[in-house]
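Shown next: structure.txt, given as compact mmCIF, C-alpha atoms (C1' of nucleotides).
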# COMPACT_ATOMS: atom_id res chain seq x y z
CA MET A 1252 92.14 114.01 104.01
CA HIS A 1253 90.81 113.91 107.53
CA ILE A 1254 90.96 112.21 110.86
CA SER A 1255 88.37 109.53 110.37
CA THR A 1256 85.75 108.33 112.81
CA LYS A 1257 88.07 105.40 113.48
CA CYS A 1258 89.89 107.63 115.96
CA SER A 1259 86.67 108.31 117.86
CA VAL A 1260 85.73 104.65 117.78
CA ALA A 1261 89.20 103.74 119.05
CA ILE A 1262 88.91 106.10 122.02
CA HIS A 1263 85.47 104.70 122.78
CA CYS A 1264 86.88 101.18 122.73
CA LEU A 1265 89.90 102.08 124.84
CA ILE A 1266 87.73 103.64 127.55
CA PHE A 1267 85.49 100.58 127.44
CA ILE A 1268 88.45 98.24 127.69
CA TYR A 1269 89.91 100.23 130.56
CA GLU A 1270 86.62 100.14 132.45
CA TYR A 1271 85.68 96.52 131.81
CA GLY A 1272 88.68 94.69 130.35
CA GLU A 1273 89.82 93.19 133.63
CA LYS A 1274 86.37 92.13 134.83
CA GLN A 1275 84.96 90.58 131.70
CA LYS A 1276 85.94 89.37 128.26
CA VAL A 1277 85.78 92.35 125.92
CA THR A 1278 85.29 90.96 122.42
CA SER A 1279 84.99 92.71 119.09
CA GLU A 1280 81.31 91.78 119.12
CA LEU A 1281 80.75 93.56 122.42
CA LEU A 1282 82.66 96.64 121.23
CA SER A 1283 80.66 96.53 118.02
CA LEU A 1284 77.44 96.73 120.03
CA SER A 1285 78.69 99.51 122.26
CA THR A 1286 80.05 101.66 119.45
CA GLY A 1287 77.49 100.84 116.77
CA THR A 1288 80.36 100.00 114.45
CA ASN A 1289 80.89 96.85 112.43
CA SER A 1290 82.83 94.14 114.26
CA VAL A 1291 85.31 93.67 111.41
CA THR A 1292 86.10 97.37 111.50
CA ILE A 1293 86.61 97.02 115.26
CA ARG A 1294 88.91 94.04 114.80
CA ASN A 1295 91.02 95.89 112.24
CA MET A 1296 91.28 98.89 114.51
CA ILE A 1297 92.11 96.84 117.62
CA SER A 1298 94.65 94.98 115.56
CA ALA A 1299 96.38 98.28 114.73
CA LEU A 1300 96.35 99.32 118.40
CA LYS A 1301 97.85 95.97 119.28
CA LYS A 1302 100.72 96.43 116.86
CA ASP A 1303 101.52 99.69 118.62
CA GLY A 1304 101.49 98.00 122.03
CA ILE A 1305 98.47 99.92 123.27
CA VAL A 1306 96.28 96.86 123.83
CA ALA A 1307 96.78 93.13 124.16
CA VAL A 1308 94.40 90.56 122.75
CA LYS A 1309 94.21 87.07 124.19
CA ALA A 1310 94.90 84.62 121.39
CA GLY A 1311 92.31 82.01 120.48
CA THR A 1312 89.82 82.65 123.20
CA GLY A 1313 89.69 86.42 122.67
CA GLY A 1314 89.25 89.51 124.81
CA ALA A 1315 91.14 92.81 124.79
CA THR A 1316 92.96 94.46 127.68
CA LEU A 1317 95.04 97.59 127.99
CA ASN A 1318 98.74 96.99 127.61
CA CYS A 1319 100.17 100.25 128.97
CA PRO A 1320 99.31 103.04 131.41
CA LEU A 1321 96.58 105.46 130.40
CA SER A 1322 99.00 108.35 130.73
CA GLU A 1323 101.16 106.95 127.96
CA ILE A 1324 98.34 106.77 125.45
CA THR A 1325 98.14 110.13 123.72
CA LEU A 1326 95.69 110.97 120.96
CA TYR A 1327 98.68 111.37 118.70
CA ARG A 1328 99.72 107.80 119.40
CA VAL A 1329 96.21 106.51 118.76
CA CYS A 1330 95.87 108.41 115.49
CA ARG A 1331 99.26 107.29 114.28
CA ALA A 1332 98.64 103.66 115.21
CA ILE A 1333 95.38 103.60 113.29
CA GLU A 1334 96.42 105.66 110.28
CA PRO A 1335 100.20 105.93 109.95
CA ASN A 1336 100.20 109.05 107.79
CA PHE A 1337 97.14 110.74 109.15
CA SER A 1338 98.76 114.16 109.40
CA SER A 1339 99.73 114.29 105.76
CA LYS A 1340 96.10 113.66 104.87
CA LEU A 1341 94.85 116.52 107.01
CA ILE A 1342 94.48 119.03 104.22
CA GLY A 1343 93.68 117.88 100.71
CA VAL A 1344 95.67 119.16 97.76
CA HIS A 1345 94.37 119.42 94.21
CA ALA A 1346 96.09 116.80 92.11
CA LEU A 1347 96.51 118.40 88.71
CA PRO A 1348 97.52 122.05 88.69
CA SER A 1349 98.80 123.12 85.29
CA PRO A 1350 102.56 122.71 84.89
CA LEU A 1351 102.37 125.40 82.19
CA CYS A 1352 101.34 128.05 84.71
CA PRO A 1353 103.98 129.62 86.98
CA VAL A 1354 101.64 129.32 89.95
CA GLY A 1355 100.51 125.81 89.08
CA LYS A 1356 104.09 124.66 88.67
CA ASN A 1357 105.06 125.71 92.19
CA ILE A 1358 101.86 125.49 94.18
CA HIS A 1359 102.55 122.07 95.69
CA ASN A 1360 105.84 123.23 97.14
CA VAL A 1361 104.31 126.47 98.37
CA LEU A 1362 101.49 124.62 100.10
CA ASP A 1363 103.87 122.10 101.62
CA CYS A 1364 105.84 124.87 103.33
CA SER A 1365 102.87 126.12 105.29
CA TYR A 1366 101.01 122.85 105.63
CA GLN A 1367 104.03 121.28 107.26
CA LYS A 1368 103.79 123.82 110.06
CA ILE A 1369 100.11 123.13 110.52
CA ARG A 1370 100.69 119.40 110.58
CA ASN A 1371 103.39 119.79 113.22
CA ASP A 1372 101.15 121.99 115.34
CA LEU A 1373 98.36 119.44 115.08
CA CYS A 1374 100.64 116.62 116.17
CA GLU A 1375 101.77 118.65 119.18
CA SER A 1376 98.17 119.36 120.02
CA LEU A 1377 97.30 115.67 119.84
CA LYS A 1378 100.30 114.76 121.98
CA LYS A 1379 99.05 116.96 124.80
CA ILE A 1380 95.90 114.92 125.36
CA THR A 1381 96.08 111.51 126.97
CA LEU A 1382 93.57 108.80 127.59
CA GLU A 1383 94.04 109.56 131.26
CA ASP A 1384 92.48 112.97 130.65
CA MET A 1385 89.62 111.47 128.72
CA VAL A 1386 88.87 108.78 131.29
CA SER A 1387 88.76 111.43 133.98
CA ASP A 1388 86.31 113.44 131.83
CA TYR A 1389 84.29 110.30 131.40
CA ARG A 1390 84.14 109.55 135.10
CA ARG A 1391 83.18 113.10 135.91
CA MET A 1392 80.25 112.78 133.52
CA GLN A 1393 79.28 109.41 134.91
CA TYR A 1394 78.48 110.94 138.26
CA LYS A 1395 77.11 114.24 137.03
CA PRO A 1396 74.66 113.13 134.39
CA ASP A 1397 73.01 116.08 132.70
CA MET B 1300 85.50 115.63 108.46
CA HIS B 1301 88.50 117.24 106.91
CA ILE B 1302 89.88 120.32 105.29
CA SER B 1303 89.04 119.71 101.68
CA THR B 1304 91.12 120.43 98.62
CA LYS B 1305 88.99 123.55 98.19
CA CYS B 1306 91.33 125.28 100.64
CA SER B 1307 94.36 124.43 98.50
CA VAL B 1308 92.56 125.50 95.36
CA ALA B 1309 91.56 128.77 97.04
CA ILE B 1310 95.16 129.56 98.00
CA HIS B 1311 96.27 128.75 94.46
CA CYS B 1312 93.65 131.13 93.08
CA LEU B 1313 94.48 133.89 95.55
CA ILE B 1314 98.16 133.79 94.65
CA PHE B 1315 97.20 133.81 90.98
CA ILE B 1316 94.86 136.75 91.49
CA TYR B 1317 97.50 138.63 93.45
CA GLU B 1318 100.09 138.09 90.74
CA TYR B 1319 97.91 138.75 87.70
CA GLY B 1320 94.63 140.30 88.86
CA GLU B 1321 95.65 143.87 88.15
CA LYS B 1322 97.25 143.20 84.79
CA GLN B 1323 94.67 140.96 83.18
CA LYS B 1324 91.12 139.73 83.61
CA VAL B 1325 91.25 136.67 85.84
CA THR B 1326 88.16 134.64 85.07
CA SER B 1327 86.90 131.38 86.53
CA GLU B 1328 87.82 129.74 83.26
CA LEU B 1329 91.43 130.86 83.57
CA LEU B 1330 91.61 129.73 87.19
CA SER B 1331 90.04 126.45 86.17
CA LEU B 1332 92.85 125.89 83.69
CA SER B 1333 95.57 126.87 86.13
CA THR B 1334 94.26 124.74 89.01
CA GLY B 1335 92.89 121.84 87.01
CA THR B 1336 89.61 122.25 88.87
CA ASN B 1337 86.16 122.61 87.41
CA SER B 1338 85.11 126.20 86.70
CA VAL B 1339 81.82 125.88 88.58
CA THR B 1340 83.74 124.73 91.65
CA ILE B 1341 85.99 127.77 91.19
CA ARG B 1342 83.04 130.10 90.91
CA ASN B 1343 81.46 128.72 94.07
CA MET B 1344 84.70 129.05 95.94
CA ILE B 1345 85.41 132.59 94.68
CA SER B 1346 81.87 133.48 95.57
CA ALA B 1347 82.50 132.39 99.18
CA LEU B 1348 85.73 134.41 99.31
CA LYS B 1349 83.84 137.41 97.97
CA LYS B 1350 81.22 137.19 100.72
CA ASP B 1351 84.04 137.36 103.24
CA GLY B 1352 85.53 140.42 101.56
CA ILE B 1353 88.71 138.67 100.50
CA VAL B 1354 88.22 139.21 96.78
CA ALA B 1355 86.12 141.42 94.56
CA VAL B 1356 84.54 140.26 91.32
CA LYS B 1357 83.63 142.72 88.63
CA ALA B 1358 79.95 142.32 87.88
CA GLY B 1359 78.78 141.44 84.40
CA THR B 1360 82.09 141.62 82.65
CA GLY B 1361 83.95 139.43 85.13
CA GLY B 1362 87.43 139.22 86.61
CA ALA B 1363 88.60 138.76 90.18
CA THR B 1364 90.90 141.02 92.18
CA LEU B 1365 92.12 141.00 95.76
CA ASN B 1366 90.03 143.14 98.06
CA CYS B 1367 92.32 143.41 101.07
CA PRO B 1368 96.01 143.31 101.99
CA LEU B 1369 97.76 139.95 101.83
CA SER B 1370 98.71 140.26 105.47
CA GLU B 1371 95.05 140.22 106.50
CA ILE B 1372 94.28 136.98 104.71
CA THR B 1373 95.06 134.16 107.11
CA LEU B 1374 94.55 130.51 106.33
CA TYR B 1375 91.97 130.49 109.09
CA ARG B 1376 89.99 133.17 107.32
CA VAL B 1377 90.19 131.31 104.01
CA CYS B 1378 89.07 128.02 105.54
CA ARG B 1379 86.21 129.63 107.41
CA ALA B 1380 85.05 131.56 104.37
CA ILE B 1381 84.93 128.43 102.26
CA GLU B 1382 83.54 126.04 104.85
CA PRO B 1383 81.98 127.87 107.78
CA ASN B 1384 82.21 124.97 110.23
CA PHE B 1385 85.36 123.38 108.98
CA SER B 1386 86.87 122.92 112.42
CA SER B 1387 83.93 120.94 113.75
CA LYS B 1388 84.37 118.55 110.84
CA LEU B 1389 88.04 117.98 111.53
CA ILE B 1390 87.64 114.72 113.42
CA GLY B 1391 84.78 112.39 112.58
CA VAL B 1392 82.60 110.95 115.32
CA HIS B 1393 80.71 107.67 115.11
CA ALA B 1394 77.02 108.45 114.87
CA LEU B 1395 75.32 105.65 116.77
CA PRO B 1396 77.00 104.56 120.00
CA SER B 1397 74.66 102.48 122.14
CA PRO B 1398 72.66 104.58 124.61
CA LEU B 1399 72.33 101.44 126.72
CA CYS B 1400 76.07 101.34 127.40
CA PRO B 1401 77.54 103.68 130.02
CA VAL B 1402 80.44 104.48 127.69
CA GLY B 1403 78.23 104.83 124.63
CA LYS B 1404 75.86 107.16 126.48
CA ASN B 1405 78.64 109.62 127.34
CA ILE B 1406 81.20 109.23 124.59
CA HIS B 1407 80.07 112.19 122.52
CA ASN B 1408 80.47 114.56 125.46
CA VAL B 1409 83.80 113.03 126.40
CA LEU B 1410 85.11 113.42 122.86
CA ASP B 1411 83.81 116.98 122.61
CA CYS B 1412 85.84 117.99 125.67
CA SER B 1413 89.13 117.05 124.09
CA TYR B 1414 88.25 117.71 120.48
CA GLN B 1415 87.32 121.27 121.33
CA LYS B 1416 90.89 121.87 122.49
CA ILE B 1417 92.27 120.38 119.31
CA ARG B 1418 89.96 122.45 117.17
CA ASN B 1419 91.01 125.62 118.98
CA ASP B 1420 94.68 124.77 118.57
CA LEU B 1421 94.15 124.15 114.87
CA CYS B 1422 92.41 127.49 114.43
CA GLU B 1423 95.28 129.27 116.17
CA SER B 1424 97.71 127.44 113.95
CA LEU B 1425 95.80 128.52 110.84
CA LYS B 1426 95.63 132.11 112.05
CA LYS B 1427 99.41 132.32 112.23
CA ILE B 1428 99.87 131.82 108.51
CA THR B 1429 98.98 134.58 106.07
CA LEU B 1430 98.87 134.78 102.34
CA GLU B 1431 101.74 137.23 102.64
CA ASP B 1432 103.89 134.36 103.94
CA MET B 1433 102.78 132.10 101.13
CA VAL B 1434 103.35 134.64 98.39
CA SER B 1435 106.85 135.20 99.69
CA ASP B 1436 107.44 131.44 99.66
CA TYR B 1437 106.12 131.41 96.10
CA ARG B 1438 108.41 134.20 94.96
CA ARG B 1439 111.40 132.59 96.55
CA MET B 1440 110.67 129.41 94.57
CA GLN B 1441 110.11 131.35 91.38
CA TYR B 1442 113.70 132.46 91.35
CA LYS B 1443 115.23 129.33 92.78
CA PRO B 1444 113.58 126.64 90.72
CA ASP B 1445 114.56 123.17 91.90
C1' DA C 1415 70.85 143.02 70.62
C1' DA C 1416 75.10 140.12 70.95
C1' DT C 1417 78.92 138.66 73.77
C1' DG C 1418 81.31 136.89 77.54
C1' DA C 1419 81.15 136.70 82.18
C1' DT C 1420 79.09 135.30 87.07
C1' DG C 1421 75.90 132.88 90.29
C1' DT C 1422 73.42 128.96 91.46
C1' DA C 1423 70.50 124.83 91.17
C1' DA C 1424 70.04 119.99 89.98
C1' DA C 1425 71.76 115.73 88.39
C1' DT C 1426 75.58 112.71 87.54
C1' DT C 1427 80.06 110.79 88.30
C1' DT C 1428 83.94 109.57 91.12
C1' DA C 1429 86.42 108.24 95.01
C1' DA C 1430 86.89 107.12 99.79
C1' DA C 1431 85.06 105.04 103.96
C1' DA C 1432 82.53 101.57 106.13
C1' DA C 1433 79.90 97.36 106.16
C1' DT C 1434 79.29 92.78 104.74
C1' DT C 1435 80.53 88.14 103.55
C1' DA C 1436 83.64 84.52 103.94
C1' DC C 1437 86.92 81.68 105.88
C1' DA C 1438 91.44 79.95 107.93
C1' DG C 1439 93.49 79.28 112.42
C1' DG C 1440 94.11 79.42 117.68
C1' DA C 1441 92.81 78.26 122.68
C1' DG C 1442 90.04 76.37 125.90
C1' DA C 1443 85.81 73.52 127.24
C1' DA C 1444 82.96 69.50 126.71
C1' DT D 981 89.86 65.25 120.17
C1' DT D 982 86.29 67.57 118.43
C1' DC D 983 83.26 71.58 119.21
C1' DT D 984 82.70 76.32 120.11
C1' DC D 985 83.90 80.99 120.30
C1' DC D 986 86.96 84.15 119.10
C1' DT D 987 90.62 86.74 116.08
C1' DG D 988 92.82 88.15 111.71
C1' DT D 989 92.41 89.27 107.15
C1' DA D 990 91.01 89.22 102.22
C1' DA D 991 87.55 90.33 98.82
C1' DT D 992 83.27 92.36 97.66
C1' DT D 993 79.44 95.41 98.15
C1' DT D 994 77.15 99.39 99.98
C1' DT D 995 77.10 104.00 101.54
C1' DT D 996 78.44 108.59 101.77
C1' DA D 997 80.76 112.76 100.58
C1' DA D 998 83.22 115.45 97.17
C1' DA D 999 83.68 117.07 92.71
C1' DT D 1000 82.11 117.48 87.98
C1' DT D 1001 78.83 118.29 84.59
C1' DT D 1002 74.81 120.34 82.56
C1' DA D 1003 71.79 124.03 82.37
C1' DC D 1004 70.20 128.54 82.58
C1' DA D 1005 68.95 133.26 84.51
C1' DT D 1006 71.30 137.61 85.02
C1' DC D 1007 74.42 141.36 84.49
C1' DA D 1008 77.88 144.89 82.16
C1' DT D 1009 80.16 146.25 78.13
C1' DT D 1010 80.68 146.33 72.89

Will you turn the file into structure tokens for me?
Amino acid sequence: MHISTKCSVAIHCLIFIYEYGEKQKVTSELLSLSTGTNSVTIRNMISALKKDGIVAVKAGTGGATLNCPLSEITLYRVCRAIEPNFSSKLIGVHALPSPLCPVGKNIHNVLDCSYQKIRNDLCESLKKITLEDMVSDYRRMQYKPD
Amino acid sequence: MHISTKCSVAIHCLIFIYEYGEKQKVTSELLSLSTGTNSVTIRNMISALKKDGIVAVKAGTGGATLNCPLSEITLYRVCRAIEPNFSSKLIGVHALPSPLCPVGKNIHNVLDCSYQKIRNDLCESLKKITLEDMVSDYRRMQYKPD
DNA sequence: AATGATGTAAATTTAAAAATTACAGGAGAA
DNA sequence: TTCTCCTGTAATTTTTAAATTTACATCATT
């Protein structure tokens, strides 16, 4: 029913990996410390990003690196990688409207009509923002700390 | 962190009230039966819609009616009435990134930059859809049931 | 007054998200 | 070749948020 904190954690990790992935070994433990999120949760999330080709993880010895240019990583892609049907969970629908009521009988279809538009708009909105944008925001803040 | 089912239940109720509110007394009990949602939840939700001027409830004796034209009731207005800060809860953020890490220290501000754009886009998207649209979808389905 | 409604608070239940525990398996270092 | 550090993933437990339930004061009409 929502875009979970996993998306925020994923962006955090991706920025971290971009900044440090080449210089040092970025493990799930390190990302766990930086994000304040459980290392198993991190591993599951990184694993999903890996399947989408966003990151690469060195087998056996560990360590994550980016696997594609920042400009190709949109928020849409991150959300979809982590939670395949995230957009259909955006707005919750009540499960048991009465089939005996004319409104209840049709409400799911009525809602779907409009919700589909909203879901599409959201996806477009998420496609417009890339990790490149976010890293540049990050760097700007790095040097203007207030 | 998401748009709850309350929004869907509210739309269901508003269509119901539009269709039957003038002919019969639409009580929370009746809406509870039609939606399959608890009557106290209905009353709380109707109460929020009332505060926004979307519906009127007859005091004492009960019964809800629409209080403004369908075309003025956008999904944005419904969402905001029910959950004042719904858009800020759209995407969850991890609560405890490490303040000792350069990324952790700035991540909330970085996320806010982009998330603000997404929230605005969502609000615009919700403003484009009115209850008038949804009622006409509903009526179309009424006569073409499949 | 009696009835049938709303409005709201407080407590309980339910369901979803996240954390924890546990462990098999891979790559490199000792 | 065995030890260590890491990943991947399953199963369980804890935590949190949403929704329901219970309860009752209050307000018009009959």

For chain B, report every residue with an atom at most 7 Å from chain D (counting all atoms listed in the file), formatted as a list in words.
->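 On the chain B side, the interface is Asn1337, Ala1358, Gly1359 and Thr1360 of chain B.
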
Mind listing as a list in words which residues of chain A are within 10 Å of chain C, counting only C-alpha atoms (C1' of nucleotides)?
->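 The answer, sorted by residue number, is Met1252, Ser1255, Thr1256, Lys1257, Thr1288, Asn1289, Ser1290, Val1291, Thr1292, Lys1309, Ala1310, Gly1311, Thr1312 and Gly1313 of chain A.
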
Residue nearest chain B among A:Phe1267, A:Glu1323, A:Leu1300, A:Gln1367 (counting all atoms listed in the file) = A:Phe1267

Can you work out which one of A:Cys1319, A:Ile1358, A:Leu1265, A:Val1308 has the shortest atom-to-atom distance to chain B, counting all atoms listed in the file?
->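 Closest candidate: A:Ile1358.
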
Counting only C-alpha atoms, which residues from chain A have an atom at most 9 Å from any atom of chain B, and could you show them as an NGL selection string?
-> :A and (1252-1260 or 1262-1264 or 1266-1267 or 1270 or 1284-1288 or 1340-1355 or 1357-1362 or 1364-1365 or 1368-1369 or 1372-1373 or 1376-1377 or 1380 or 1384-1386 or 1388-1389 or 1392-1393 or 1396)

d(atom CA of Leu1281 of chain A, atom CA of Arg1294 of chain A) in Å = 11.2 Å

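Our summary of the geometry notes that atom CA of Tyr1394 of chain A is positioned 26.7 Å from atom CA of Val1329 of chain A.
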
Which distance in Å separates atom CA of Val1306 of chain A and atom CA of Phe1337 of chain A, to one decimal?
->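 It comes out at 20.2 Å.
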
So which one's closest to Gly1272 of chain A, A:Ile1333, A:Asp1363, A:Ala1315, A:Ser1322? Using all atoms listed in the file, please.
-> A:Ala1315

Could you add the missing atoms to segment 1302-1330 of chain B, up to N, CA and C atoms, and return them as a compact mmCIF listing (two decimals), in the coordinates of the input?
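Below is the file result-v3.txt, written as the result:
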# COMPACT_ATOMS: atom_id res chain seq x y z
N ILE B 1302 89.74 119.08 106.04
CA ILE B 1302 89.88 120.32 105.29
C ILE B 1302 90.05 119.92 103.84
N SER B 1303 89.08 120.24 103.04
CA SER B 1303 89.04 119.71 101.68
C SER B 1303 90.06 120.40 100.79
N THR B 1304 90.18 119.86 99.58
CA THR B 1304 91.12 120.43 98.62
C THR B 1304 90.69 121.84 98.22
N LYS B 1305 89.45 122.20 98.52
CA LYS B 1305 88.99 123.55 98.19
C LYS B 1305 89.91 124.60 98.78
N CYS B 1306 90.43 124.32 99.99
CA CYS B 1306 91.33 125.28 100.64
C CYS B 1306 92.60 125.45 99.81
N SER B 1307 93.16 124.36 99.33
CA SER B 1307 94.36 124.43 98.50
C SER B 1307 94.08 125.15 97.18
N VAL B 1308 92.93 124.84 96.61
CA VAL B 1308 92.56 125.50 95.36
C VAL B 1308 92.37 127.00 95.60
N ALA B 1309 91.78 127.36 96.73
CA ALA B 1309 91.56 128.77 97.04
C ALA B 1309 92.89 129.51 97.16
N ILE B 1310 93.85 128.92 97.84
CA ILE B 1310 95.16 129.56 98.00
C ILE B 1310 95.82 129.73 96.63
N HIS B 1311 95.75 128.68 95.83
CA HIS B 1311 96.27 128.75 94.46
C HIS B 1311 95.65 129.94 93.73
N CYS B 1312 94.34 130.04 93.78
CA CYS B 1312 93.65 131.13 93.08
C CYS B 1312 94.04 132.48 93.65
N LEU B 1313 94.15 132.59 94.95
CA LEU B 1313 94.48 133.89 95.55
C LEU B 1313 95.88 134.34 95.14
N ILE B 1314 96.81 133.41 95.11
CA ILE B 1314 98.16 133.79 94.65
C ILE B 1314 98.09 134.23 93.19
N PHE B 1315 97.36 133.47 92.41
CA PHE B 1315 97.20 133.81 90.98
C PHE B 1315 96.60 135.21 90.83
N ILE B 1316 95.55 135.47 91.57
CA ILE B 1316 94.86 136.75 91.49
C ILE B 1316 95.80 137.88 91.95
N TYR B 1317 96.55 137.61 92.99
CA TYR B 1317 97.50 138.63 93.45
C TYR B 1317 98.53 138.95 92.37
N GLU B 1318 99.03 137.91 91.74
CA GLU B 1318 100.09 138.09 90.74
C GLU B 1318 99.59 138.70 89.43
N TYR B 1319 98.36 138.34 89.03
CA TYR B 1319 97.91 138.75 87.70
C TYR B 1319 96.64 139.59 87.69
N GLY B 1320 95.95 139.66 88.82
CA GLY B 1320 94.63 140.30 88.86
C GLY B 1320 94.58 141.74 88.38
N GLU B 1321 95.67 142.47 88.57
CA GLU B 1321 95.65 143.87 88.15
C GLU B 1321 96.00 144.02 86.68
N LYS B 1322 96.78 143.08 86.17
CA LYS B 1322 97.25 143.20 84.79
C LYS B 1322 96.25 142.65 83.77
N GLN B 1323 95.59 141.56 84.13
CA GLN B 1323 94.67 140.96 83.18
C GLN B 1323 93.39 140.51 83.85
N LYS B 1324 92.41 140.16 83.06
CA LYS B 1324 91.12 139.73 83.61
C LYS B 1324 91.23 138.27 84.04
N VAL B 1325 91.15 138.04 85.33
CA VAL B 1325 91.25 136.67 85.84
C VAL B 1325 89.85 136.08 86.00
N THR B 1326 89.50 135.23 85.07
CA THR B 1326 88.16 134.64 85.07
C THR B 1326 88.18 133.24 85.69
N SER B 1327 86.99 132.72 85.96
CA SER B 1327 86.90 131.38 86.53
C SER B 1327 87.44 130.35 85.56
N GLU B 1328 87.32 130.66 84.28
CA GLU B 1328 87.82 129.74 83.26
C GLU B 1328 89.35 129.64 83.33
N LEU B 1329 89.96 130.81 83.48
CA LEU B 1329 91.43 130.86 83.57
C LEU B 1329 91.91 130.15 84.83
N LEU B 1330 91.24 130.40 85.94
CA LEU B 1330 91.61 129.73 87.19
C LEU B 1330 91.36 128.24 87.11
